[in-house]
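Report on the structure given below.
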Amino acid sequence: MPNTTHPWLPDDVDETFDPLDHADVTLSPDTPLVVTPRGGDREVGRSCYQVDTQHGRYLVDCGLNQGTGEKFPDFRGLQPQSIDAVFLTHAHVDHCGGLPVLENRNLLADDAPIIATQPTASIASLMLEDSLKIHRRETDGSQTIQQFTSRDVAEVCDRFQTVDYGGGRIEGVAPVSDVEPAIFQFGNAAHLLGSAWVMIQTGGYRVCFSGDLGGRATHLPDMSPPPESDLLMLESTYGDTHSHPSLSGARTDLWTDIERAIQTREPVLIPTFAIGRAQTILLIIAERFHTLSTDLRDRLEIVLDGMAVEGTDIYHQYVDDETYVDESLVNRVTESGQTEPFFPESITTPESDQDRQEILSRAVRDDTVPVIISPSGMLTGGNSPRYLAEFAARFGTASVFLTGYQAANTTGRTLQSQYQADQEMISATIDATPFGTDWPDSSDVQWVHPENDNGSELKTRLSFPADWISLVDGLSGHAAQSGLLSFARTVGPDTIALIHGPDYAQERLGPHLAENVTGLKQVTRSRRLSPIAVGADSDVDTAAISPEEINSTGYTDLEDQIDHLYELLSQLNGEVAAARNETGLSEEEIREIVRDEIETEE
Ligand SMILES: [Zn+2]
């Protein structure tokens with residue numbers, strides 16, 4: 001019977017399941033590298049990839065999933081102390097949030113380092129402290145068992161072994177066997193401060209992990225070109241988006257919206273990731289603040305909340321370092337002597353709920369206009385959902401700018417979906433309490449369990465007019481299809497395995513790469529716990545473009561079927577392109593046709 005969540009795995013997968021054994025993959029000089037996804041394969045969240053060589057076992061990233069569903073990577077079959085080193089591409093929690101669980105389950109060898117750039121290590125430490133607070137809140141008083149503790153976080157932080165961009169032998173940074181030297185390389189991924197792609201090479205073969213690719217932040221240096229590799233594990237978050245709207249357009253639009261809100265005295269909430277997006281937005285404001293009239297400047301109160309404050313402090317530590325920050329910003333800092341360029345002229349950083357309430361009271365009482373930049377970006381934690389509740393309770397009109405990707409099952413996605421469905425009023429229930437209850441009687445906010453004093457159990461139901469919402473496109477820290485394609489072309493791999501992206505994005509990106517990357521033999525959508533072997537005999541019979549389709553056909557010879565599907569897909573690609581141009585069919589209708597075609601063919 002097929003496994004319903006992962007149809008490519010047997011139904012009786014248990015805690016002892018060993019993916020390499022199951023796939024019958026043995027490491028040898030002919031197959032010196034094997035990559036096995038343990039998370040982040042077909043989802044944006046909990047990135048985690050196991051890399052096996054003949055002499056070492058490594059992980060690239062170990063993240064957590066912020067939406068619903070499984071939180072941490074699938075560690076089944078990993079023996080205690082079996083991981084020799086972890087390479088961390090960057091400090092976003094969907095890439096580093098699972099590290100303390102590794103520690104808690106004793107999966108890391110005693111002396112296993114976590115190899116990362118210096119900014120990544122600093123930001124990750126901050127992220128993990130915050131993630132622990134959230135984890136405690138989630139497990140407190142509930143049936144769920146805490147998966148890691150403050151000791152695990154401290155031990156993770158102790159393991160950081162920092163490197164600059166560049167590379168070397170793994171034995172130089174990790175106490176591993178030098179029988180068969182393995183090499184690693186970190187390059188700038190231009191996604192957030194310190195972010196990297198990573199390449200691992202052994203036995204003459206290479207795998208490159210894109211991590212998250214950026215190339216869109218004006219304050220970061222350009223992405224460094226990745227080396228040629230045999231296998232590319234490529235992120236696909238925006239794989240379905242041909243190109244983002246122009247960055248300078250997005251920056252101008254956001255500023256225009258903020259300026260309008262100040263003029264009309266509408267408080268502004270910008271829910272945002274604490275690291276990366278928050279600094280992009282701060283810089284947009286800081287660079288344009290002086291263009292406001294004195295009158296508007298006096299009215300404006302820029303508020304930076306929560307972890308975004310500490311995050312920005314870390315950014316400020318690197319503003320004179322061209323390795324990590326764009327030359328133009330370094331020059332500006334050197335010339336002006338202004339060492340905190342991410343901060344506009346005046347900024348409020350509230351430290352308590354009382355401070356936050358005071359900001360909101362000032363807005364009602366003195367007609368100040370708060371522009372609040374607060375994590376989390378998807379309104380799933382941090383103070384952004386609490387501000388939203390306060391806005392709904394206190395203000396007749398306000399602006400809420402959604403500036404980033406809103407994952408499924410998050411409050412942000414709920415708001416975005418209702419807004420896109422043209423609803424007049426938006427309603428949502430959030431897992432957070434407002435800062436206080438000194439609201440007007442007419443408030444549109446209710447506590448769902450008002451009798452319960454335990455804050456963690458309390459939910460808040462709120463509604464507000466849909467026209468408060470604006471979707472600000474174009475600030476994404478992720479490369480779109482064109483950026484992903486050009487990265488893939490530089491790597492020039494035999495095989496691309498798509499990771500870290502939703503189904504629909506991978507479905508569109510896969511064929512696009514298949515058509516446009518010279519020499520590419522196959523694009524696969526990664527499958528959890530399904531090894532991808534790299535080597536002389538590396539027909540990737542453990543990966544395929546669409547396993548669901550393969551499973552439905554009853555083929556016994558997987559390779560034949562993959563070949564057949566490729567033929568079919570390239571043929572269909574042309575037809576799909578033609579259909580798009582000529583018929584005006586919707587994307588869904590076209591996909592339906594493609595599905596039908598594949599089924600009838602077989
Ligand atoms: Zn990221």
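Residue numbering restarts at 1 in every chain; chains get A, B, ... in the order shown in the structure tokens, and ligands count up from 1 in that same order.
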Nearby residues, ligand 1, 12 Å, only C-alpha atoms and all ligand atoms, as a ChimeraX atom specification = /A:40,44-47,61,63-64,88-97,120,124,189-197,210-214,235-237,273-277,404-405,476-479,500-501
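Note that DSSP on the backbone gives strand (DSSP E) to these residues of segment 175-222 of chain A: Ile183, Phe184, Gln185, Phe186, Gly187, Asn188, Ala196, Trp197, Val198, Met199, Ile200, Gln201, Thr202, Tyr205, Arg206, Val207, Cys208 and Phe209 of chain A.
The space separating atom CA of Ala217 of chain A from atom CA of Phe184 of chain A comes to 25.7 Å.
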Spatial neighbours of segment 376-378 of chain A, max dist 6 Å, only C-alpha atoms, sep filter under 5 positions, as a PyMOL selection string = chain A and resi 271-273+384+406+412
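Nearest to Glu390 of chain A of all the residues A:Ile499, A:Ala109, A:Ile359, A:Ile285 is A:Ile359, based on only C-alpha atoms.
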Find the residues around Pro344 of chain A up to 12 Å (only C-alpha atoms counted), leave out those fewer than 6 positions away in its own chain, and share them as a short mmCIF file (atom, residue, chain, number, x, y, z; two decimals) with N, CA, C and O atoms, in the first residue's frame.
```cif
data_model
loop_
_atom_site.label_atom_id
_atom_site.label_comp_id
_atom_site.auth_asym_id
_atom_site.auth_seq_id
_atom_site.Cartn_x
_atom_site.Cartn_y
_atom_site.Cartn_z
N GLN A 279 15.46 45.34 7.37
CA GLN A 279 16.55 46.29 7.07
C GLN A 279 16.35 46.93 5.69
O GLN A 279 16.66 48.11 5.51
N ILE A 281 13.46 47.64 4.41
CA ILE A 281 12.42 48.65 4.60
C ILE A 281 12.96 49.86 5.36
O ILE A 281 12.70 51.01 5.01
N LEU A 282 13.75 49.58 6.39
CA LEU A 282 14.35 50.69 7.16
C LEU A 282 15.18 51.59 6.26
O LEU A 282 15.12 52.82 6.36
N LEU A 283 15.94 50.95 5.37
CA LEU A 283 16.81 51.73 4.50
C LEU A 283 15.99 52.59 3.53
O LEU A 283 16.36 53.73 3.23
N ILE A 284 14.88 52.04 3.05
CA ILE A 284 13.99 52.82 2.16
C ILE A 284 13.54 54.08 2.90
O ILE A 284 13.56 55.18 2.36
N ILE A 285 13.16 53.91 4.16
CA ILE A 285 12.68 55.06 4.94
C ILE A 285 13.83 56.01 5.26
O ILE A 285 13.73 57.22 5.08
N ALA A 286 14.96 55.42 5.72
CA ALA A 286 16.09 56.26 6.13
C ALA A 286 16.59 57.12 4.97
O ALA A 286 16.94 58.29 5.16
N GLU A 287 16.59 56.54 3.76
CA GLU A 287 17.13 57.28 2.62
C GLU A 287 16.19 58.39 2.13
O GLU A 287 16.62 59.28 1.40
N ARG A 288 14.91 58.28 2.49
CA ARG A 288 13.95 59.27 1.96
C ARG A 288 13.38 60.19 3.04
O ARG A 288 12.63 61.12 2.73
N PHE A 289 13.72 59.91 4.27
CA PHE A 289 13.17 60.66 5.40
C PHE A 289 13.33 62.17 5.21
O PHE A 289 12.42 62.95 5.46
N HIS A 290 14.50 62.58 4.71
CA HIS A 290 14.80 64.01 4.58
C HIS A 290 13.93 64.71 3.54
O HIS A 290 13.86 65.93 3.50
N THR A 291 13.25 63.93 2.69
CA THR A 291 12.42 64.55 1.66
C THR A 291 11.06 65.00 2.21
O THR A 291 10.32 65.71 1.53
N ARG A 297 7.39 65.33 9.03
CA ARG A 297 8.45 64.69 9.80
C ARG A 297 8.11 64.70 11.29
O ARG A 297 8.30 63.73 12.00
N LEU A 300 5.44 62.09 12.15
CA LEU A 300 5.80 60.68 11.96
C LEU A 300 6.55 60.10 13.16
O LEU A 300 7.46 60.73 13.70
N GLU A 301 6.17 58.90 13.55
CA GLU A 301 6.94 58.17 14.57
C GLU A 301 7.29 56.79 14.01
O GLU A 301 6.43 55.93 13.86
N ILE A 302 8.55 56.62 13.67
CA ILE A 302 8.97 55.32 13.11
C ILE A 302 9.29 54.38 14.27
O ILE A 302 10.06 54.72 15.17
N VAL A 303 8.66 53.22 14.25
CA VAL A 303 8.78 52.28 15.35
C VAL A 303 9.40 50.99 14.83
O VAL A 303 8.92 50.41 13.85
N LEU A 304 10.48 50.57 15.47
CA LEU A 304 11.08 49.28 15.11
C LEU A 304 10.95 48.38 16.32
O LEU A 304 11.35 48.75 17.43
N GLN A 338 28.17 58.48 9.64
CA GLN A 338 26.92 57.99 10.23
C GLN A 338 27.02 56.47 10.30
O GLN A 338 26.94 55.79 9.29
N VAL A 371 4.58 54.48 12.15
CA VAL A 371 4.88 53.53 11.07
C VAL A 371 5.64 52.41 11.76
O VAL A 371 6.80 52.59 12.15
#
```
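As for atom CA of Gly98 of chain A and atom CA of Val491 of chain A, they are spaced 28.1 Å apart.
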Tell me which protein, DNA and RNA residues are within 12 Å of Asn331 of chain A, counting only C-alpha atoms, leaving out same-chain ones fewer than 5 positions away, and put them as a ChimeraX atom specification.
-> /A:219,319-322,325-326,336-339,341
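For His22 of chain A, the set of protein, DNA and RNA residues having any atom at most 9 Å away, when counting only C-alpha atoms and skipping those fewer than 4 positions along the same chain, is Phe17, Asp18 and Ser530 of chain A.
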As a PyMOL selection string, please: all residues of segment 231-457 of chain A that backbone DSSP puts in helix (DSSP H, G or I).
-> chain A and resi 247-263+277-291+294-299+307-317+327-336+353-366+384-394+411-420+455-457
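Between Pro267 of chain A and the candidates A:Leu296, A:Val176, A:Met233, A:Val369, the tightest atom-to-atom separation, counting only C-alpha atoms, involves A:Val369.
With only C-alpha atoms as the atoms that count, the minimum distance from Arg528 of chain A to the choices A:Ala497, A:Ile262, A:Thr294, A:Thr26 is reached by A:Ala497.
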